[in-house]
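The structure appears below as structure tokens.
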Amino acid sequence: MTTTRTGTKPAAKEYDRAAMASMVGTTVEWYDFFIYAQAAALIFADLFFKPMGSAGQIVSYVTVGISFVFRPLGAIVAGYLGDRLGRKRVLVATLAMMGAATVLIGVLPTYASIGIWAPILLILLRVVQGFSTGGEWGGAALLAVEHAPTKRRGFFGAFVQMGVPLGMLLATGVLALCTFTLTEEQFTTWGWRVPFLLSVVLIGVGFYIRSKVSESPVFAELKERRTESTTPIRTLFKKHPKQVVLAALSFIGTNGNGYMVIGGFIVAYATKTYGLGKTELLIATLASAVTWGVFTMIGAYWSDRRGRTTVMNVGNLAMVLFAVPFFLLIDTGNLGWIYVAMILFSVGLGLSYGPQPALFAELFPASIRYSGASISYAVGTIFGGAFAPTVAQWLLGKTGGTLAISIYLALLAAVSFVATMLIKDRSGRDLMV
């Protein structure tokens, strides 16, 4: 059981409440991201970058990656505030920023209406999304892990990670419903806006649940003892640069491989190359999301027994080995084999993803933990998934095939495998240290 040095410990119901608050927030965050990524893959090239011709699709993918560039800035600001003011306050602010930007994208005029201002405003809203997301994950992860019993940190931390498959399920389900019920013209004209506007509902739910959870007991004790860091960023990079680098590199494989599924590349590639329907491919993405979620929880549960790094590297190895078979199955052009590819691809993703919140929380001292976890995560996303769809599209254009993409994904996972091996597993460490 997690107990602070003053002898207090969270009530049992707080474990579940903190886990749910973390999961709901990240679900909203990833719902917002996925609907943008899918829209960027399917229609934004025509709506916002049409004058650029064939280059418009690559630029559309670049806007997905632009938000990642601003995640470290968001992580630095949120990390500083989270280590000084607390986890909960910062999480409310990041949720509000992310939601507002998403809704505004839903009402944004296209290039046909306001010309060059349309892509400019779109990119600015993506910057806001990236900034807010940079601070969201670290705070949510710590809120769940720092509330959790010592021997179940992996399990409770994984609820944060479940925001990815759940957000993916919601976003893809809404998009699939829109593409199924609307004509191509209706979806392109106004239907694509509906998923963005529906984000309002999720934001309301997220605010309500987060208002019910208490502050992290670890931060509360730091505050009581007046031992919170006054310069968390400086301390982090002065005393723990190795942990930041290794943590970031341990994540790039999962992030880069994951964005091949969630970043819209596979849907766009299979649609344009093999003439398959968008709805059927979005349903394949749903199947992938379910598998990802199941193995995220399996990986987290397993990490409480076998250690974080061991389980993460099982997932990393699975991604290395399946990178080439994945695209071989996709390139059959057969919908059934594409379903198999998407489902199997998500097994390694889940195993490597589930233990991550507990690993990051246990890697850094309490007084700079928000900064350490957030910055490591944000840097990992830049070198992992930020431009993975863009790189994949470029490699496809240069080579005319998918083998180069497979090699690229395998290399990302291999780097994470080595980095994770170099991390000292601190499962069960005292989180007040």
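Please note that chains go A, B, ... in the order of the structure tokens, that every chain numbers its residues from 1, and that ligands are numbered from 1 in the order shown.
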Handout entry: Test item: residues at most 12 Å from Ile43 (chain A), only C-alpha atoms, excluding those fewer than 6 positions along its chain, as a ChimeraX atom specification
Key = /A:35-37,49-50,56-57,60-61,110,179,184-185,187-193,264,267-268,278
Got time to write the residues from that selection, C-alpha atoms, as a CSV table (one decimal), in the first residue's frame?
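Writing the result to result37.csv gives the following:
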```
chain,number,residue,atom,x,y,z
A,35,ILE,CA,-10.2,12.9,-35.3
A,36,TYR,CA,-7.7,15.4,-36.5
A,37,ALA,CA,-5.2,12.7,-37.7
A,49,PHE,CA,-4.1,22.7,-48.9
A,50,LYS,CA,-5.7,22.2,-52.3
A,56,GLY,CA,-1.0,18.9,-50.1
A,57,GLN,CA,-1.3,15.4,-48.6
A,60,SER,CA,-1.6,17.8,-44.3
A,61,TYR,CA,0.4,15.1,-42.5
A,110,THR,CA,-11.8,26.2,-45.3
A,179,THR,CA,-18.7,8.1,-43.5
A,184,GLU,CA,-19.0,11.8,-49.9
A,185,GLU,CA,-20.2,15.3,-50.7
A,187,PHE,CA,-19.0,14.4,-45.3
A,188,THR,CA,-16.6,16.7,-47.2
A,189,THR,CA,-18.9,19.8,-47.0
A,190,TRP,CA,-19.9,19.6,-43.3
A,191,GLY,CA,-19.9,16.1,-41.9
A,192,TRP,CA,-16.2,16.2,-41.0
A,193,ARG,CA,-17.0,18.9,-38.5
A,264,GLY,CA,-4.3,7.8,-40.4
A,267,VAL,CA,-6.4,4.2,-43.8
A,268,ALA,CA,-5.3,6.7,-46.4
A,278,LYS,CA,-13.0,4.2,-45.7
```
Handout entry: Surrounding residues of region 88-104 of chain A excluding itself and chain neighbours under 2 positions, 7 Å, only C-alpha atoms, as an NGL selection string
Key = :A and (25 or 29 or 32 or 78 or 81-82 or 86 or 106-108 or 125 or 128-129 or 132-133 or 135-136 or 139 or 196-197 or 199-200 or 203 or 207 or 215)
Any chance you can output those residues with N, CA, C and O atoms as a JSON list (two decimals), in the first residue's frame?
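Once everything was written out, this is result19.json:
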```json
[["chain", "number", "residue", "atom", "x", "y", "z"],
["A", 25, "GLY", "N", -9.45, 12.14, -18.92],
["A", 25, "GLY", "CA", -8.75, 13.27, -19.52],
["A", 25, "GLY", "C", -7.94, 12.88, -20.73],
["A", 25, "GLY", "O", -7.97, 13.56, -21.76],
["A", 29, "GLU", "N", -8.22, 13.87, -24.73],
["A", 29, "GLU", "CA", -7.04, 14.34, -25.46],
["A", 29, "GLU", "C", -6.83, 13.53, -26.73],
["A", 29, "GLU", "O", -6.62, 14.09, -27.82],
["A", 32, "ASP", "N", -9.52, 13.89, -29.43],
["A", 32, "ASP", "CA", -9.28, 15.10, -30.20],
["A", 32, "ASP", "C", -8.16, 14.90, -31.22],
["A", 32, "ASP", "O", -8.24, 15.35, -32.36],
["A", 78, "ALA", "N", 3.99, 23.07, -18.06],
["A", 78, "ALA", "CA", 3.13, 22.27, -17.19],
["A", 78, "ALA", "C", 3.95, 21.55, -16.12],
["A", 78, "ALA", "O", 3.50, 21.41, -14.97],
["A", 81, "LEU", "N", 4.79, 24.10, -13.39],
["A", 81, "LEU", "CA", 3.61, 24.41, -12.58],
["A", 81, "LEU", "C", 3.14, 23.19, -11.79],
["A", 81, "LEU", "O", 2.71, 23.31, -10.64],
["A", 82, "GLY", "N", 3.23, 22.01, -12.42],
["A", 82, "GLY", "CA", 2.79, 20.79, -11.74],
["A", 82, "GLY", "C", 3.66, 20.43, -10.55],
["A", 82, "GLY", "O", 3.17, 19.93, -9.53],
["A", 86, "GLY", "N", 0.96, 21.68, -8.08],
["A", 86, "GLY", "CA", 0.18, 20.45, -7.94],
["A", 86, "GLY", "C", -0.26, 19.88, -9.27],
["A", 86, "GLY", "O", -0.34, 20.59, -10.28],
["A", 106, "GLY", "N", -13.49, 22.61, -35.46],
["A", 106, "GLY", "CA", -14.78, 22.17, -35.99],
["A", 106, "GLY", "C", -15.59, 23.27, -36.65],
["A", 106, "GLY", "O", -16.51, 22.98, -37.43],
["A", 107, "VAL", "N", -15.30, 24.53, -36.34],
["A", 107, "VAL", "CA", -16.04, 25.64, -36.96],
["A", 107, "VAL", "C", -15.14, 26.48, -37.88],
["A", 107, "VAL", "O", -15.54, 27.53, -38.36],
["A", 108, "LEU", "N", -13.94, 25.99, -38.14],
["A", 108, "LEU", "CA", -12.97, 26.76, -38.94],
["A", 108, "LEU", "C", -13.36, 26.79, -40.42],
["A", 108, "LEU", "O", -13.60, 25.74, -41.02],
["A", 125, "LEU", "N", -4.15, 26.46, -34.27],
["A", 125, "LEU", "CA", -4.94, 25.64, -33.37],
["A", 125, "LEU", "C", -4.23, 24.32, -33.07],
["A", 125, "LEU", "O", -4.33, 23.79, -31.95],
["A", 128, "VAL", "N", -1.78, 25.03, -30.32],
["A", 128, "VAL", "CA", -2.44, 25.04, -29.01],
["A", 128, "VAL", "C", -2.69, 23.61, -28.52],
["A", 128, "VAL", "O", -2.46, 23.29, -27.34],
["A", 129, "GLN", "N", -3.15, 22.76, -29.43],
["A", 129, "GLN", "CA", -3.37, 21.36, -29.06],
["A", 129, "GLN", "C", -2.07, 20.70, -28.60],
["A", 129, "GLN", "O", -2.04, 19.98, -27.61],
["A", 132, "SER", "N", -0.93, 22.02, -25.07],
["A", 132, "SER", "CA", -1.73, 21.49, -23.97],
["A", 132, "SER", "C", -1.48, 20.00, -23.76],
["A", 132, "SER", "O", -1.40, 19.52, -22.62],
["A", 133, "THR", "N", -1.32, 19.26, -24.85],
["A", 133, "THR", "CA", -1.07, 17.83, -24.75],
["A", 133, "THR", "C", 0.26, 17.55, -24.09],
["A", 133, "THR", "O", 0.42, 16.55, -23.38],
["A", 135, "GLY", "N", 1.54, 18.84, -21.57],
["A", 135, "GLY", "CA", 1.44, 18.80, -20.11],
["A", 135, "GLY", "C", 0.41, 17.84, -19.59],
["A", 135, "GLY", "O", 0.35, 17.57, -18.38],
["A", 136, "GLU", "N", -0.41, 17.30, -20.46],
["A", 136, "GLU", "CA", -1.52, 16.45, -20.02],
["A", 136, "GLU", "C", -1.06, 15.08, -19.55],
["A", 136, "GLU", "O", -1.42, 14.63, -18.46],
["A", 139, "GLY", "N", 0.95, 14.73, -16.05],
["A", 139, "GLY", "CA", 0.13, 14.95, -14.87],
["A", 139, "GLY", "C", -0.87, 13.84, -14.64],
["A", 139, "GLY", "O", -1.09, 13.40, -13.50],
["A", 196, "PHE", "N", -15.50, 16.85, -34.36],
["A", 196, "PHE", "CA", -14.79, 17.89, -33.62],
["A", 196, "PHE", "C", -15.73, 18.58, -32.63],
["A", 196, "PHE", "O", -15.36, 18.84, -31.48],
["A", 197, "LEU", "N", -16.95, 18.87, -33.05],
["A", 197, "LEU", "CA", -17.90, 19.57, -32.19],
["A", 197, "LEU", "C", -18.39, 18.68, -31.04],
["A", 197, "LEU", "O", -18.69, 19.17, -29.95],
["A", 199, "SER", "N", -16.70, 16.92, -29.26],
["A", 199, "SER", "CA", -15.70, 16.94, -28.20],
["A", 199, "SER", "C", -16.20, 17.69, -26.97],
["A", 199, "SER", "O", -15.75, 17.43, -25.84],
["A", 200, "VAL", "N", -17.15, 18.61, -27.17],
["A", 200, "VAL", "CA", -17.71, 19.37, -26.05],
["A", 200, "VAL", "C", -18.28, 18.45, -24.98],
["A", 200, "VAL", "O", -18.11, 18.68, -23.78],
["A", 203, "ILE", "N", -15.46, 16.82, -22.97],
["A", 203, "ILE", "CA", -14.80, 17.79, -22.10],
["A", 203, "ILE", "C", -15.61, 18.00, -20.83],
["A", 203, "ILE", "O", -15.07, 18.05, -19.72],
["A", 207, "PHE", "N", -14.21, 17.30, -17.07],
["A", 207, "PHE", "CA", -14.16, 18.30, -16.00],
["A", 207, "PHE", "C", -14.88, 17.79, -14.74],
["A", 207, "PHE", "O", -14.40, 17.98, -13.61],
["A", 215, "GLU", "N", -5.93, 15.84, -4.73],
["A", 215, "GLU", "CA", -4.57, 16.04, -5.19],
["A", 215, "GLU", "C", -3.73, 14.81, -4.87],
["A", 215, "GLU", "O", -4.05, 14.03, -3.96]]
```
Problem - For Pro165 (chain A), the nearest of the candidates A:Trp292, A:Phe387, A:Trp337, A:Phe327, counting only C-alpha atoms - result: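 The closest residue to Pro165 (chain A) is A:Trp292.
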Practice task
If you run DSSP over the backbone, which residues in region 66-233 of chain A end up alpha helix (DSSP H)? Put them as a ChimeraX atom specification.
Solution key: /A:66-69,71-85,87-106,111-114,117-147,153-161,163-181,184-186,193-197,199-211,217-225,232-233
Exercise for the section: Figure out the distance between CA of Leu282 (chain A) and CA of Ala176 (chain A), please, to one decimal in Å. Expected result: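 One can read the CA of Ala176 (chain A) to CA of Leu282 (chain A) distance as 5.9 Å.
Taking CA of Ser416 (chain A) and CA of Gly130 (chain A) as the two end points, the separation is 23.0 Å.
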